[in-house]
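Dumped coords38.txt below, it's compact mmCIF, C-alpha atoms:
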```
# COMPACT_ATOMS: atom_id res chain seq x y z
CA MET U 28 4.81 -1.13 102.75
CA VAL U 29 6.59 0.41 99.76
CA ALA U 30 5.00 -0.27 96.36
CA VAL U 31 7.29 -1.65 93.70
CA VAL U 32 6.81 -0.07 90.27
CA THR U 33 7.80 -2.28 87.37
CA LYS U 34 9.02 -0.42 84.23
CA PRO U 35 7.62 -1.54 80.84
CA HIS U 36 9.96 -3.87 79.03
CA LYS U 37 11.37 -2.34 75.78
CA ARG U 38 11.44 -4.81 72.89
CA GLY U 39 14.65 -5.05 70.94
CA ILE U 40 15.47 -6.52 67.57
CA GLY U 41 16.06 -9.83 69.19
CA ASP U 42 12.45 -9.93 70.32
CA ILE U 43 11.00 -9.64 66.76
CA PRO U 44 9.90 -13.02 65.42
CA ILE U 45 12.28 -14.37 62.77
CA ARG U 46 9.31 -14.97 60.40
CA ALA U 47 8.50 -11.23 60.38
CA ILE U 48 12.12 -10.38 59.57
CA TYR U 49 12.11 -12.75 56.57
CA LEU U 50 8.82 -11.30 55.31
CA ALA U 51 10.09 -7.72 55.48
CA GLY U 52 13.28 -8.71 53.67
CA ALA U 53 11.35 -10.40 50.88
CA ILE U 54 9.16 -7.31 50.36
CA LEU U 55 12.20 -5.03 50.22
CA ALA U 56 13.95 -7.31 47.71
CA THR U 57 10.87 -7.32 45.47
CA VAL U 58 10.65 -3.52 45.43
CA VAL U 59 14.33 -3.18 44.56
CA ALA U 60 14.00 -5.74 41.73
CA VAL U 61 11.04 -3.88 40.18
CA LEU U 62 12.91 -0.58 40.30
CA LEU U 63 15.91 -2.17 38.59
CA VAL U 64 13.71 -3.52 35.77
CA PHE U 65 12.34 -0.07 34.99
CA VAL U 66 15.78 1.53 35.11
CA VAL U 67 17.53 -1.07 32.95
CA PHE U 68 14.81 -1.52 30.29
CA SER U 69 13.34 1.98 30.11
CA GLY U 70 15.00 2.55 26.69
CA ASP U 71 13.85 -0.73 25.17
CA VAL U 72 10.21 0.20 24.44
CA PRO U 73 9.61 -0.67 20.77
CA THR U 74 8.66 2.18 18.44
CA SER U 75 6.22 1.88 15.57
CA GLY U 76 7.86 1.30 12.21
CA ASP U 77 6.71 0.83 8.60
CA PRO U 78 5.49 -2.78 8.43
CA ALA U 79 4.54 -2.28 4.77
CA GLY U 80 8.21 -1.76 3.93
CA ALA U 81 9.16 -5.33 4.83
CA PRO U 82 9.27 -7.76 1.88
CA VAL U 83 6.45 -10.26 1.74
CA SER U 84 5.44 -13.00 -0.62
CA VAL U 85 3.08 -12.26 -3.46
CA ALA U 86 -0.23 -12.94 -1.77
CA PRO U 87 -3.62 -11.24 -1.42
CA VAL U 88 -4.09 -8.68 1.31
CA PRO U 89 -7.18 -9.12 3.55
CA ALA U 90 -10.36 -9.30 1.53
CA ALA U 91 -11.93 -6.43 3.43
CA SER U 92 -9.48 -4.00 1.83
CA ALA U 93 -9.10 -5.68 -1.54
CA THR U 94 -11.54 -3.47 -3.44
CA PRO U 95 -10.57 0.19 -3.82
CA THR U 96 -13.29 2.76 -3.40
CA ALA U 97 -13.94 5.41 -6.01
CA SER U 98 -16.56 7.47 -4.20
CA PRO U 99 -15.35 11.08 -3.76
CA THR U 100 -15.96 12.94 -0.55
CA PRO U 101 -18.26 15.99 -0.67
CA THR U 102 -15.27 18.35 -0.42
CA GLU U 103 -13.38 16.91 -3.42
CA THR U 104 -13.26 18.90 -6.63
CA PRO U 105 -14.27 16.89 -9.71
CA ILE U 106 -11.27 15.96 -11.86
CA VAL U 107 -11.68 16.87 -15.52
CA LEU U 108 -9.82 14.65 -18.01
CA PRO U 109 -8.85 15.38 -21.62
CA PRO U 110 -10.94 13.57 -24.25
CA VAL U 111 -9.88 9.92 -24.42
CA PRO U 112 -8.55 8.88 -27.85
CA GLU U 113 -10.28 5.87 -29.40
CA SER U 114 -6.90 4.53 -30.50
CA LYS U 115 -3.33 5.59 -29.76
CA ALA U 116 -0.18 3.49 -29.93
CA PHE U 117 1.96 3.20 -26.82
CA ALA U 118 5.33 4.65 -27.85
CA ALA U 119 8.58 3.36 -26.37
CA PRO U 120 9.82 5.99 -23.86
CA ALA U 121 13.20 7.45 -24.82
CA GLY U 122 16.06 6.62 -22.47
CA SER U 123 14.18 3.80 -20.78
CA LYS U 124 14.86 0.08 -20.95
CA ALA U 125 12.28 -2.52 -20.00
CA SER U 126 12.99 -4.61 -16.92
CA VAL U 127 13.56 -8.34 -17.23
CA VAL U 128 10.41 -10.41 -16.77
CA THR U 129 11.19 -13.00 -14.07
CA GLY U 130 7.81 -14.68 -13.89
CA ILE U 131 4.06 -14.22 -13.91
CA ILE U 132 1.95 -12.77 -11.14
CA THR U 133 -1.37 -14.58 -10.91
CA ASP U 134 -3.96 -12.51 -9.10
CA ARG U 135 -6.70 -15.09 -8.55
CA THR U 136 -8.80 -12.70 -6.50
CA SER U 137 -9.07 -10.24 -9.39
CA GLY U 138 -8.84 -12.85 -12.14
CA ILE U 139 -5.88 -11.57 -14.14
CA SER U 140 -2.19 -12.30 -14.67
CA TYR U 141 0.66 -10.00 -15.68
CA PRO U 142 4.49 -9.92 -15.68
CA ARG U 143 6.55 -10.09 -12.52
CA LEU U 144 9.53 -7.79 -13.03
CA ALA U 145 13.12 -8.06 -11.84
CA ALA U 146 14.77 -5.84 -9.20
CA PRO U 147 14.48 -3.10 -8.21
CA TRP U 148 10.81 -4.08 -8.44
CA ASP U 149 9.81 -6.06 -5.38
CA ALA U 150 6.52 -7.73 -4.46
CA LYS U 151 5.14 -6.23 -1.26
CA SER U 152 1.80 -5.76 0.45
CA PHE U 153 0.09 -2.54 -0.55
CA ALA U 154 -3.55 -2.12 0.50
CA PRO U 155 -6.11 -1.67 -0.94
CA PHE U 156 -4.68 -3.69 -3.83
CA THR U 157 -4.72 -7.47 -3.98
CA VAL U 158 -1.14 -7.82 -5.25
CA ALA U 159 1.55 -5.18 -5.83
CA GLN U 160 5.12 -4.63 -6.99
CA ARG U 161 6.87 -1.51 -5.73
CA ILE U 162 10.14 0.37 -5.89
CA GLY U 163 11.24 2.21 -2.76
CA LYS U 164 9.27 3.17 0.31
CA VAL U 165 5.55 3.70 0.64
CA ALA U 166 5.37 7.41 -0.08
CA VAL U 167 3.30 9.67 -2.30
CA PRO U 168 3.91 9.76 -5.22
CA HIS U 169 4.15 5.96 -5.43
CA THR U 170 6.22 3.85 -7.82
CA VAL U 171 3.92 0.90 -8.05
CA ILE U 172 2.34 -1.83 -10.17
CA ALA U 173 -0.82 -3.19 -8.60
CA SER U 174 -4.01 -5.10 -9.32
CA ALA U 175 -7.47 -5.20 -7.78
CA MET U 176 -11.08 -5.20 -8.84
CA PHE U 177 -12.34 -2.04 -10.54
CA PRO U 178 -12.71 0.77 -7.96
CA GLY U 179 -16.20 1.58 -6.77
CA ASP U 180 -19.54 -0.08 -7.29
CA ALA U 181 -20.15 -2.70 -9.95
CA PRO U 182 -22.07 -1.54 -13.03
CA GLU U 183 -25.70 -2.61 -13.33
CA LYS U 184 -24.78 -4.93 -16.18
CA LYS U 185 -21.51 -6.28 -17.49
CA PRO U 186 -19.93 -3.99 -20.12
CA SER U 187 -19.89 -5.44 -23.63
CA LYS U 188 -18.46 -2.77 -25.95
CA ASP U 189 -14.90 -1.50 -26.28
CA ALA U 190 -16.21 2.00 -25.61
CA ASP U 191 -17.62 0.82 -22.27
CA TYR U 192 -14.28 -0.55 -21.13
CA ARG U 193 -12.48 2.54 -22.43
CA GLU U 194 -14.80 4.73 -20.36
CA MET U 195 -14.20 2.57 -17.27
CA ALA U 196 -10.44 2.78 -17.82
CA ALA U 197 -10.75 6.58 -17.84
CA ARG U 198 -12.65 6.42 -14.54
CA ALA U 199 -9.92 4.22 -13.07
CA ALA U 200 -7.27 6.71 -14.25
CA ARG U 201 -9.18 9.48 -12.49
CA TRP U 202 -9.21 7.35 -9.33
CA THR U 203 -5.41 6.98 -9.43
CA LEU U 204 -5.02 10.76 -9.54
CA ARG U 205 -6.71 10.94 -6.14
CA THR U 206 -4.90 8.01 -4.55
CA GLN U 207 -1.37 7.76 -5.96
CA TYR U 208 -0.26 11.41 -6.20
CA PRO U 209 -0.23 14.59 -4.12
CA ALA U 210 -3.43 16.60 -4.01
CA GLY U 211 -3.99 18.68 -7.13
CA ALA U 212 -2.36 16.22 -9.55
CA THR U 213 -3.61 16.52 -13.12
CA LEU U 214 -3.72 14.19 -16.10
CA THR U 215 -2.08 16.34 -18.77
CA SER U 216 -2.16 13.97 -21.77
CA TRP U 217 -2.97 10.45 -22.93
CA THR U 218 0.05 8.45 -24.09
CA GLY U 219 -1.75 5.33 -25.24
CA SER U 220 -5.19 3.85 -25.86
CA LYS U 221 -5.76 0.32 -27.08
CA LYS U 222 -7.79 -2.84 -26.63
CA VAL U 223 -6.33 -5.54 -24.37
CA PRO U 224 -4.37 -8.25 -26.26
CA LEU U 225 -6.64 -11.06 -25.03
CA GLY U 226 -10.32 -11.03 -24.12
CA LYS U 227 -12.34 -7.89 -23.48
CA GLY U 228 -10.97 -4.75 -21.90
CA TRP U 229 -9.04 -1.55 -22.51
CA SER U 230 -5.66 -0.03 -21.65
CA LEU U 231 -4.87 3.66 -21.28
CA GLY U 232 -1.49 5.33 -20.83
CA TYR U 233 -1.21 8.84 -19.46
CA LYS U 234 1.10 11.54 -18.15
CA VAL U 235 0.52 13.05 -14.71
CA THR U 236 1.79 16.41 -13.47
CA PHE U 237 1.94 17.18 -9.75
CA VAL U 238 3.79 19.30 -7.21
CA SER U 239 6.04 17.54 -4.67
CA GLY U 240 8.64 19.16 -2.46
CA GLY U 241 7.77 22.53 -3.93
CA LYS U 242 8.71 21.38 -7.46
CA THR U 243 6.53 20.49 -10.42
CA GLN U 244 7.16 16.88 -11.42
CA THR U 245 5.74 14.32 -13.81
CA ALA U 246 4.92 10.63 -13.83
CA GLN U 247 4.02 8.13 -16.51
CA ALA U 248 1.16 5.77 -15.74
CA MET U 249 -1.11 3.13 -17.20
CA VAL U 250 -4.36 1.43 -16.32
CA THR U 251 -5.98 -1.63 -17.83
CA ILE U 252 -9.55 -2.81 -17.32
CA VAL U 253 -10.13 -6.51 -18.04
CA GLU U 254 -13.38 -8.50 -18.27
CA VAL U 255 -13.07 -11.50 -15.93
CA GLY U 256 -16.49 -13.12 -16.13
CA LYS U 257 -18.09 -10.89 -13.50
CA THR U 258 -20.18 -7.74 -13.68
CA LYS U 259 -17.26 -5.81 -12.21
CA PRO U 260 -14.02 -6.05 -14.24
CA ALA U 261 -10.47 -6.32 -12.91
CA MET U 262 -8.00 -3.43 -12.89
CA LEU U 263 -4.23 -3.33 -13.35
CA MET U 264 -2.57 0.01 -12.75
CA ALA U 265 0.99 1.31 -12.64
CA SER U 266 2.53 4.67 -11.84
CA ILE U 267 6.20 5.59 -12.20
CA PRO U 268 7.32 9.12 -11.19
CA GLU U 269 10.19 10.71 -13.08
CA LYS U 270 12.74 9.82 -10.37
CA ASN U 271 12.39 6.26 -11.71
CA LYS U 272 11.94 7.23 -15.37
CA ALA U 273 14.47 4.57 -16.38
CA ARG U 274 11.56 2.14 -15.72
CA TRP U 275 8.97 3.87 -17.90
CA ALA U 276 9.30 1.18 -20.57
CA ASP U 277 7.91 -1.32 -18.06
CA LEU U 278 4.48 0.21 -18.62
CA ASN U 279 4.50 -1.08 -22.19
CA THR U 280 5.45 -4.56 -20.96
CA LEU U 281 2.41 -4.61 -18.71
CA VAL U 282 0.03 -3.39 -21.41
CA GLN U 283 1.27 -6.04 -23.82
CA GLN U 284 1.12 -9.01 -21.45
CA VAL U 285 -1.81 -8.51 -19.06
CA LYS U 286 -4.57 -11.07 -19.60
CA PRO U 287 -7.53 -12.72 -17.89
CA LEU U 288 -7.06 -16.09 -16.18
```

Please rewrite the model in this file as C-alpha cells.
Amino acid sequence: MVAVVTKPHKRGIGDIPIRAIYLAGAILATVVAVLLVFVVFSGDVPTSGDPAGAPVSVAPVPAASATPTASPTPTETPIVLPPVPESKAFAAPAGSKASVVTGIITDRTSGISYPRLAAPWDAKSFAPFTVAQRIGKVAVPHTVIASAMFPGDAPEKKPSKDADYREMAARAARWTLRTQYPAGATLTSWTGSKKVPLGKGWSLGYKVTFVSGGKTQTAQAMVTIVEVGKTKPAMLMASIPEKNKARWADLNTLVQQVKPL
C-alpha cells in the first residue's frame, strides 16, 4: 500500500477573519492621524510673552507681593545719600508740561489716593506694588508711578515727628535706587523736600544718575511717605528717566495731591 502524504494548507488573505482585518485597519488609521497632528501643529506651540505688558484695570496685585522688601543681601554695597534738606521747594522742571489728571487712584490696601494721569500713562500690574501707572514696557530703568506700604519691616512704634517721616522717605528713596535702576545708580541731588499737604508724612524729590546702554543717563524721581493709621506708613513713588523728561512735571502733581484716605 502506498502512503498518501497530504501537504499543509497555505492560508491566504481570504482565510483571515474579517474582524482581524478591520482591527488592523483601525490601528493603522490611528497611527497616521497622530503623525499628521504632530506635522501640522508642530509650529503652533505657544511661546512665553510679557503678561505684565497687557493693560489691566487698576486693582491690587496679590497680597503676598504687595509689600516691597528693603532688606539688602550680604553682597550689596551700602548706598550713601547726600544730607537730606529739611525744606526745599519742588521747582517746575523746564521744558516739561504736567499731564492731564483724568481721575483719582484709590489704593485701599495702602490707604492713600493720588492723581490718575492721562495717556501715555497707563494703569498696569507691576509687582511688588499694589497699584501702578507706567509708560512703555517693563524694563530697567522704569517709567513708573506706584504705591505700596513702606518697604521693609514696620517700625517699633508709629512715627510722630516730621523728621521721622523725612528719614523714612530717605530710606524709601534708597530702596528705589536698588529696584528701579541699573546696578550702581546714585542719588546725586535732592530736588525737593516738604511735608505732605494733608495729614502726616514727607515728600522728597531727587535726581538719579545711572549707566544704561553704555551711556550715563539721568532720571527725576519722587517718594512720599504717608501716615495711614498703622505703625507702617504708605509709600508713593515715581521715577521718570530722561527719555520721558517731558513728563517730569508730573512729579510735582503727585507731591501736591497725594493724601491719606

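Excluding Ser266 in chain U itself and same-chain residues fewer than 5 positions from it, the residues having an atom within 9 Å of it are U:Pro168, U:His169, U:Thr170, U:Val171, U:Ile172, U:Thr203, U:Gln207, U:Ala246, U:Gln247, U:Ala248, U:Met249, U:Val250, U:Trp275, U:Leu278, counting all atoms listed in the file.
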
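Take CA of Asn271 in chain U and CA of Thr251 in chain U: the distance between them is 20.9 Å.
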
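With CA of Ala265 in chain U on one side and CA of Ser137 in chain U on the other, the separation reads 15.7 Å.
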
Distance query 10 Å from (14.6, 6.5, -24.4) using all atoms listed in the file, result as a VMD selection string
chain U and resid 119 to 124 272 to 273 275 to 276

Write the residues of the preceding selection, restricted to C-alpha atoms, as an mmCIF file, in the coordinates of the input.
```cif
data_model
loop_
_atom_site.group_PDB
_atom_site.id
_atom_site.type_symbol
_atom_site.label_atom_id
_atom_site.label_comp_id
_atom_site.auth_asym_id
_atom_site.auth_seq_id
_atom_site.Cartn_x
_atom_site.Cartn_y
_atom_site.Cartn_z
ATOM 1 C CA ALA U 119 8.580 3.360 -26.370
ATOM 2 C CA PRO U 120 9.820 5.990 -23.860
ATOM 3 C CA ALA U 121 13.200 7.450 -24.820
ATOM 4 C CA GLY U 122 16.060 6.620 -22.470
ATOM 5 C CA SER U 123 14.180 3.800 -20.780
ATOM 6 C CA LYS U 124 14.860 0.080 -20.950
ATOM 7 C CA LYS U 272 11.940 7.230 -15.370
ATOM 8 C CA ALA U 273 14.470 4.570 -16.380
ATOM 9 C CA TRP U 275 8.970 3.870 -17.900
ATOM 10 C CA ALA U 276 9.300 1.180 -20.570
#
```

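Among the candidates U:Leu231, U:Ala145, U:Met262, U:Leu288, the residue lying nearest to Thr133 in chain U is U:Leu288 (atoms considered: only C-alpha atoms).
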
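Between CA of Phe153 in chain U and CA of Pro287 in chain U the interatomic distance comes to 21.5 Å.
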
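Residue nearest Gly163 in chain U within the list U:Leu214, U:Met176, U:Gly256, U:Trp148: U:Trp148 [criterion: smallest interatomic distance, only C-alpha atoms].
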
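Nearest-residue note for Asp277 in chain U: choosing from U:Ile106, U:Ala150, U:Ala116, U:Ala125, the minimum distance belongs to U:Ala125, counting all atoms listed in the file.
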
*asked:* The residues within 12 Å of (-1.5, -16.1, -12.3), using all atoms listed in the file and the coordinates of the file, should be reported as a VMD selection string; which are they?
replied: chain U and resid 85 to 86 130 to 143 158 174 284 to 288

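For the choices U:Pro110, U:Gly241, U:Gly228, U:Pro268, the atom-to-atom distance to Ala190 in chain U is smallest for U:Gly228 when using all atoms listed in the file.
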